[in-house]
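Below is one structure, written out as structure tokens; the observations come after it.
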Amino acid sequence: MNYKEMEPLLQSINTFSGPTDLRITDIKYTHITKAPMDCILLKIETNSELVGYGEVRDWASPTFATMLKSRLIGENPCNVDKLFRRIKQFGFHGRQGGGVSGIEVALWDLAGKAYGVPIYQMLGGKFRDKVRMYCDTDVEGKPDGIAMGKALKMRMDQGFSFVKMDLGITHLLHTDGALSAPLGLLDAMRSLDPDEYHETDTSLEYIQKRSKVYDLYNIAHPFTNIHVTEKGFDILEQYMADVRSIIGYEVPLAIDHFGHIGIDDCIKLSRRIEKYNPAWLEDMLPWQLTDQYVRLNQATTIPICTGEDIYLKEGFKPLLESGGVSVIHPDLLTAGGILETKKVGDMAQDYGVTMAIHMAESPIACIAAAHTATATENFLALEYHSNDVPWWNDLVEYAHKPIVDKGYLILSDEPGLGIRKLNDEVIADHLKKPQQSVWVSTDAWDADWSHDRLWS
Ligand SMILES: [Mg+2]
């Protein structure tokens, strides 16, 4: 192709949108529910028509993002790394990483839109043309391996090539003799369901009950002293056998939500289910317990996985250095966003560890994670929770619909995340009470200031 032939092509590339003069002017958020989780969507507005989309981690507080506003106003959003370093001291593990990470995603979206390139290209380009999604699966009612197997098989029939299910002590809680624990603890767990305490009810009675749930379900694994009996292990093993009898052995099946049991019971369980070839065992222990992870990983040949609650690359380092994990599983909206998660993946690769990505939010988080997944070599699969939420795709205008199609996500080549617009009408139909307006102003945070330096 000579220059004359190339000219129309070159003219079709947008190289002007004033990135040097771009400035952040405002941040707004909206809180939606049942996506299937509660999700907080962010938009960063600028002195141009460009708007950047981000998202705070599922089930978190918008405050983790809004409190950062006064550190960002007037700044050029294209300076993603500089701004990330300014705000990263205000993130932490679990949901507290959600504000910094959500803002980081929106900054990348703006930088991509300003320069006219997709985010994966700014990260170094593609390792793959489509992103493998793994589908989480729940079954209503009494735990039943046959029913779970059928539900997973339906996912596979839709094209999913990697699946996940839960297997743990909640399956045993209502069966006599399946668990042992200090007397009274199991009865308390049977009477208080943590899933019922996500509402914004402000009555004293509700708040006190929620505090009771907090105290009960925040006893870490080593300290509950809950043990699975041989009867309990038999039930869990049969569940696994029933699932595999339906879905076969070729499809990778990851397992999550074992409940708060100590390492000895984790090892016993892993030995019982090893022959059913799980793809990984997820979050069996609190991720902070590095030495216990090493012991667990050495006690089983099933890949051990954790990471969805770890903030920043340095948080992952002890587990990788010690050989405590075989699969690392960051959530972009806790780990520190798009670039930090790529760094986590690249570091894991040096230790011979593969990276799956945890994700349970709206299309914003999903597509953001897909950009990192596309640009990181040791990526395995990205989580997808919203297969059964009919309006999930309608939240955004996007080149490819459905966004997850036959078990894969194909990124568009459009700038930034590639999300053209959010659909305010769909958002308005799913607002979390008591929010009234579609987008919430953060003006209350404009004047917030503190002396942020971490040394004197
Ligand atoms: Mg998990």
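Lettering and numbering for the structure tokens are positional, with chains as A, B, ... in the shown order, residues counted from 1 in each chain, and ligands counted from 1 in the shown order.
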
### Task
Could I get the residue neighbourhood of ligand 1 at 10 Å, counting only C-alpha atoms and all ligand atoms, as a PyMOL selection string?
chain A and resi 136+164-166+254-258+281-284+305-309+329-331+358-360+383

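By only C-alpha atoms, and with residues fewer than 3 positions from Leu179 in chain A along its chain excluded, the set lying at most 7 Å from it is Leu172, Ile226, His227, Val228, Thr229 and Gly232 of chain A.
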
Residues just named, written with N, CA and C atoms as a compact mmCIF listing (two decimals), in the first residue's frame:
```txt
# COMPACT_ATOMS: atom_id res chain seq x y z
N LEU A 172 -24.09 -28.43 55.09
CA LEU A 172 -24.22 -29.41 56.18
C LEU A 172 -24.94 -28.84 57.40
N ILE A 226 -15.10 -25.15 64.26
CA ILE A 226 -16.10 -26.01 63.62
C ILE A 226 -15.35 -27.14 62.92
N HIS A 227 -15.79 -28.36 63.12
CA HIS A 227 -15.19 -29.51 62.44
C HIS A 227 -16.26 -30.29 61.68
N VAL A 228 -15.85 -30.82 60.54
CA VAL A 228 -16.74 -31.65 59.74
C VAL A 228 -16.58 -33.09 60.23
N THR A 229 -17.71 -33.77 60.47
CA THR A 229 -17.65 -35.17 60.92
C THR A 229 -17.48 -36.09 59.71
N GLY A 232 -20.36 -35.81 57.64
CA GLY A 232 -20.32 -34.58 56.84
C GLY A 232 -19.44 -34.74 55.61
```

### Message
Quick one: residues within 9 Å of range 349-356 of chain A, only C-alpha atoms, excluding same-chain residues fewer than 3 positions away - as an NGL selection string?
### Response
:A and (305 or 320-321 or 323 or 325-330 or 344-346 or 373 or 376-383)

So that I have them on file, write out the residues from the current selection with C-alpha atoms, as a PDB file, in the first residue's frame.
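Final output, saved to part-v7.pdb:
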```
ATOM      1  CA  CYS A 305      -6.419 -20.395  44.982  1.00  0.00           C
ATOM      2  CA  LEU A 320       3.699 -16.224  45.800  1.00  0.00           C
ATOM      3  CA  GLU A 321       7.152 -16.150  47.374  1.00  0.00           C
ATOM      4  CA  GLY A 323       4.579 -21.195  47.306  1.00  0.00           C
ATOM      5  CA  VAL A 325      -0.923 -20.814  45.948  1.00  0.00           C
ATOM      6  CA  SER A 326      -1.154 -22.367  42.493  1.00  0.00           C
ATOM      7  CA  VAL A 327      -3.803 -19.961  41.185  1.00  0.00           C
ATOM      8  CA  ILE A 328      -3.977 -16.260  42.048  1.00  0.00           C
ATOM      9  CA  HIS A 329      -7.441 -14.716  41.892  1.00  0.00           C
ATOM     10  CA  PRO A 330      -7.449 -10.907  42.203  1.00  0.00           C
ATOM     11  CA  VAL A 344      -0.143  -8.948  39.900  1.00  0.00           C
ATOM     12  CA  GLY A 345      -0.538 -11.329  36.954  1.00  0.00           C
ATOM     13  CA  ASP A 346       2.944 -10.612  35.638  1.00  0.00           C
ATOM     14  CA  ALA A 373      -7.229 -10.419  30.964  1.00  0.00           C
ATOM     15  CA  THR A 376      -1.836 -10.511  30.635  1.00  0.00           C
ATOM     16  CA  GLU A 377      -0.135 -13.683  29.425  1.00  0.00           C
ATOM     17  CA  ASN A 378      -0.817 -16.092  32.299  1.00  0.00           C
ATOM     18  CA  PHE A 379      -4.571 -15.352  32.434  1.00  0.00           C
ATOM     19  CA  LEU A 380      -6.826 -18.388  32.907  1.00  0.00           C
ATOM     20  CA  ALA A 381     -10.509 -17.348  33.172  1.00  0.00           C
ATOM     21  CA  LEU A 382     -12.682 -14.421  34.298  1.00  0.00           C
ATOM     22  CA  GLU A 383     -15.603 -14.875  36.666  1.00  0.00           C
TER      23      GLU A 383
END
```

### Task
Pick out the residues sitting within 12 Å of Gly97 in chain A, and hand them over as number ranges by chain; count only C-alpha atoms, and ignore anything fewer than 3 positions along from it in its own chain.
A: 55-65, 84, 87-94, 100-104, 308-312, 315, 330-337, 340

Include C-alpha atoms and write out the residues we just selected as an mmCIF file, in the first residue's frame.
```cif
data_model
loop_
_atom_site.group_PDB
_atom_site.id
_atom_site.type_symbol
_atom_site.label_atom_id
_atom_site.label_comp_id
_atom_site.auth_asym_id
_atom_site.auth_seq_id
_atom_site.Cartn_x
_atom_site.Cartn_y
_atom_site.Cartn_z
ATOM 1 C CA GLU A 55 -17.121 0.972 39.535
ATOM 2 C CA VAL A 56 -16.607 0.423 43.255
ATOM 3 C CA ARG A 57 -16.326 -3.229 44.430
ATOM 4 C CA ASP A 58 -19.623 -5.098 44.942
ATOM 5 C CA TRP A 59 -21.295 -4.693 48.356
ATOM 6 C CA ALA A 60 -19.005 -1.771 49.268
ATOM 7 C CA SER A 61 -19.710 1.827 50.252
ATOM 8 C CA PRO A 62 -19.604 4.687 47.710
ATOM 9 C CA THR A 63 -17.724 6.678 50.356
ATOM 10 C CA PHE A 64 -14.548 4.752 49.468
ATOM 11 C CA ALA A 65 -14.643 6.588 46.104
ATOM 12 C CA PHE A 84 -3.265 6.272 41.314
ATOM 13 C CA ILE A 87 -4.836 8.046 46.108
ATOM 14 C CA LYS A 88 -3.583 4.517 46.745
ATOM 15 C CA GLN A 89 -2.938 5.183 50.436
ATOM 16 C CA PHE A 90 -6.739 5.418 50.841
ATOM 17 C CA GLY A 91 -7.358 1.863 49.686
ATOM 18 C CA PHE A 92 -7.053 -1.332 51.661
ATOM 19 C CA HIS A 93 -7.904 -5.012 51.436
ATOM 20 C CA GLY A 94 -11.427 -6.287 50.729
ATOM 21 C CA VAL A 100 -9.182 3.641 44.576
ATOM 22 C CA SER A 101 -9.659 0.769 42.118
ATOM 23 C CA GLY A 102 -12.946 2.110 40.748
ATOM 24 C CA ILE A 103 -11.434 5.539 40.129
ATOM 25 C CA GLU A 104 -8.407 3.941 38.427
ATOM 26 C CA GLU A 308 -10.106 -11.612 45.707
ATOM 27 C CA ASP A 309 -9.616 -9.588 48.893
ATOM 28 C CA ILE A 310 -5.971 -8.595 48.446
ATOM 29 C CA TYR A 311 -5.061 -4.947 47.785
ATOM 30 C CA LEU A 312 -2.025 -4.051 45.642
ATOM 31 C CA GLY A 315 -0.236 -7.904 49.104
ATOM 32 C CA PRO A 330 -7.449 -10.907 42.203
ATOM 33 C CA ASP A 331 -10.579 -8.797 41.918
ATOM 34 C CA LEU A 332 -9.744 -5.737 39.829
ATOM 35 C CA LEU A 333 -11.909 -3.582 42.106
ATOM 36 C CA THR A 334 -9.983 -4.560 45.223
ATOM 37 C CA ALA A 335 -6.490 -5.157 43.828
ATOM 38 C CA GLY A 336 -6.002 -1.554 42.641
ATOM 39 C CA GLY A 337 -7.586 -1.533 39.192
ATOM 40 C CA GLU A 340 -2.168 -3.089 39.206
#
```

### Task
Mind checking which residues fall within 12 Å of Leu41 in chain A, counting only C-alpha atoms, ignoring those fewer than 4 positions away in the same chain, and posting them as a PyMOL selection string?
chain A and resi 27-33+35+52-62+65-66+98-99+102-103+105-106+333+361-365+395-396+422-424+427+431-432+438-440

Those residues you just picked out, can you put them in a file as a CSV table (one decimal), in the first residue's frame with C-alpha atoms?
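The resulting part-v2.csv:
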```
chain,number,residue,atom,x,y,z
A,27,ILE,CA,-17.5,12.7,40.0
A,28,LYS,CA,-20.9,11.1,40.4
A,29,TYR,CA,-22.1,7.7,41.5
A,30,THR,CA,-25.2,5.5,41.4
A,31,HIS,CA,-26.0,2.5,43.6
A,32,ILE,CA,-27.9,-0.3,42.0
A,33,THR,CA,-29.1,-3.6,43.4
A,35,ALA,CA,-27.2,-7.3,39.5
A,52,GLY,CA,-15.0,8.0,32.2
A,53,TYR,CA,-16.8,5.0,33.7
A,54,GLY,CA,-15.6,3.1,36.8
A,55,GLU,CA,-17.1,1.0,39.5
A,56,VAL,CA,-16.6,0.4,43.3
A,57,ARG,CA,-16.3,-3.2,44.4
A,58,ASP,CA,-19.6,-5.1,44.9
A,59,TRP,CA,-21.3,-4.7,48.4
A,60,ALA,CA,-19.0,-1.8,49.3
A,61,SER,CA,-19.7,1.8,50.3
A,62,PRO,CA,-19.6,4.7,47.7
A,65,ALA,CA,-14.6,6.6,46.1
A,66,THR,CA,-16.3,9.9,46.9
A,98,GLY,CA,-13.0,-0.5,45.9
A,99,GLY,CA,-12.8,3.3,45.8
A,102,GLY,CA,-12.9,2.1,40.7
A,103,ILE,CA,-11.4,5.5,40.1
A,105,VAL,CA,-10.7,2.2,36.0
A,106,ALA,CA,-12.5,5.4,35.1
A,333,LEU,CA,-11.9,-3.6,42.1
A,361,GLU,CA,-20.3,-6.6,39.3
A,362,SER,CA,-21.8,-4.7,36.4
A,363,PRO,CA,-20.6,-4.7,32.7
A,364,ILE,CA,-18.2,-1.8,33.7
A,365,ALA,CA,-16.2,-4.1,36.0
A,395,LEU,CA,-26.9,-1.3,31.5
A,396,VAL,CA,-24.5,-0.3,28.8
A,422,LEU,CA,-24.6,3.9,30.3
A,423,ASN,CA,-28.3,3.4,30.1
A,424,ASP,CA,-29.8,5.7,32.7
A,427,ILE,CA,-30.2,2.1,36.1
A,431,LEU,CA,-31.7,1.8,42.3
A,432,LYS,CA,-30.9,0.6,45.8
A,438,VAL,CA,-30.3,8.3,39.0
A,439,TRP,CA,-26.9,9.9,39.7
A,440,VAL,CA,-25.9,11.2,43.1
```

### Spatial neighbours of Ala220 in chain A, max dist 8 Å, only C-alpha atoms, sep filter under 3 positions, as an MDAnalysis selection string
chainID A and resid 217 223:224 260 286

### Per-residue DSSP, range 40-146 of chain A, filtered to alpha helix (DSSP H), as a ChimeraX atom specification
/A:63-66,80-87,98-115,119-122,145-146

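Rounded to one decimal, CA of Glu199 in chain A and CA of Gln96 in chain A lie 18.9 Å from each other.
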
### Task
Counting only C-alpha atoms, figure out which residue out of A:Ser450, A:Gln238, A:Gln292, A:Asn218 gets nearest to Arg272 in chain A.
A:Gln238

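Across the structure, CA of Lys212 in chain A and CA of Gly177 in chain A are spaced 25.4 Å apart.
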
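Comparing the minimum interatomic distances between Asp195 in chain A and each of A:Asp38, A:Glu250, A:Glu75, A:Glu49, counting only C-alpha atoms, we find that A:Asp38 sits nearest.
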
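The protein and nucleic acid residues lying at most 12 Å from Ser211 in chain A are A:Leu192, A:Pro194, A:Tyr197, A:His198, A:Leu204, A:Glu205, A:Tyr206, A:Leu216, A:Tyr217, A:Asn218, with only C-alpha atoms considered and sequence neighbours fewer than 5 positions away removed.
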
Taking C-alpha atoms for each residue, export the selection above as an mmCIF file, in the first residue's frame.
```cif
data_model
loop_
_atom_site.group_PDB
_atom_site.id
_atom_site.type_symbol
_atom_site.label_atom_id
_atom_site.label_comp_id
_atom_site.auth_asym_id
_atom_site.auth_seq_id
_atom_site.Cartn_x
_atom_site.Cartn_y
_atom_site.Cartn_z
ATOM 1 C CA LEU A 192 -28.896 -15.699 61.521
ATOM 2 C CA PRO A 194 -25.885 -13.137 56.703
ATOM 3 C CA TYR A 197 -28.579 -8.111 56.340
ATOM 4 C CA HIS A 198 -27.605 -6.034 53.312
ATOM 5 C CA LEU A 204 -31.977 0.340 65.902
ATOM 6 C CA GLU A 205 -33.367 -3.207 65.951
ATOM 7 C CA TYR A 206 -32.071 -3.917 62.445
ATOM 8 C CA LEU A 216 -20.802 -14.260 64.271
ATOM 9 C CA TYR A 217 -19.560 -14.404 60.696
ATOM 10 C CA ASN A 218 -16.324 -12.514 61.305
#
```

### Message
Using only C-alpha atoms, can you tell me which of A:Asn387, A:Gln288, A:Thr137, A:Thr300 comes closest to Val163 in chain A?
### Response
A:Thr137

Considering only strand (DSSP E or B) as DSSP defines it on the backbone, what residues of range 48-256 of chain A qualify? List them as a PDB file with C-alpha atoms, in the first residue's frame.
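Contents of the output file selection-v1.pdb:
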```
ATOM      1  CA  VAL A  51     -16.919  10.863  30.585  1.00  0.00           C
ATOM      2  CA  GLY A  52     -14.994   8.015  32.236  1.00  0.00           C
ATOM      3  CA  TYR A  53     -16.788   4.990  33.721  1.00  0.00           C
ATOM      4  CA  GLY A  54     -15.635   3.113  36.787  1.00  0.00           C
ATOM      5  CA  GLU A  55     -17.121   0.972  39.535  1.00  0.00           C
ATOM      6  CA  VAL A  56     -16.607   0.423  43.255  1.00  0.00           C
ATOM      7  CA  PRO A 118      -8.686   0.710  23.723  1.00  0.00           C
ATOM      8  CA  VAL A 131     -11.668 -13.818  27.088  1.00  0.00           C
ATOM      9  CA  ARG A 132     -12.730 -17.125  28.629  1.00  0.00           C
ATOM     10  CA  MET A 133     -15.453 -16.589  31.231  1.00  0.00           C
ATOM     11  CA  TYR A 134     -16.159 -19.018  34.056  1.00  0.00           C
ATOM     12  CA  CYS A 135     -19.679 -19.164  35.300  1.00  0.00           C
ATOM     13  CA  ASP A 136     -20.651 -19.229  38.937  1.00  0.00           C
ATOM     14  CA  VAL A 163     -17.542 -23.593  35.729  1.00  0.00           C
ATOM     15  CA  LYS A 164     -17.595 -23.029  39.480  1.00  0.00           C
ATOM     16  CA  MET A 165     -19.810 -24.100  42.355  1.00  0.00           C
ATOM     17  CA  ASP A 166     -19.912 -23.812  46.132  1.00  0.00           C
ATOM     18  CA  LEU A 179     -20.708 -30.794  61.925  1.00  0.00           C
ATOM     19  CA  SER A 180     -19.367 -30.404  65.416  1.00  0.00           C
ATOM     20  CA  HIS A 227     -15.190 -29.512  62.441  1.00  0.00           C
ATOM     21  CA  VAL A 228     -16.744 -31.653  59.735  1.00  0.00           C
ATOM     22  CA  LEU A 253     -14.791 -27.235  37.929  1.00  0.00           C
ATOM     23  CA  ALA A 254     -13.581 -24.711  40.524  1.00  0.00           C
ATOM     24  CA  ILE A 255     -14.900 -24.835  44.095  1.00  0.00           C
ATOM     25  CA  ASP A 256     -15.588 -21.949  46.473  1.00  0.00           C
TER      26      ASP A 256
END
```
